[in-house]
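Participant: Below is the structure I would like to discuss, written out as structure tokens.
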Amino acid sequence: MVYDQDKKRMRRRHVLRFFAALALPALLLGSAIAAVEWAAPDPPARADAQKAAARQ
């Protein structure tokens, strides 16, 4: 490997590790939110949908 006088390779590596450290929690949080939304039942179309169904 060629000696890196400007330390650009090391700096790039640190930047990549920093962004990877930021991306991992964001992906986990996004996955958790998507799982909660997927598992939640759909709300009724109207707030009084149960009352309207009972009247009919």
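Ligands are numbered from 1 in the order shown, chains are lettered A, B, ... in the order of the structure tokens, and residues start at 1 in each chain.
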Looking only at alpha helix (DSSP H) from DSSP on the backbone, list the matching residues of range 17-47 of chain A as an MDAnalysis selection string.

Facilitator: chainID A and resid 17:39
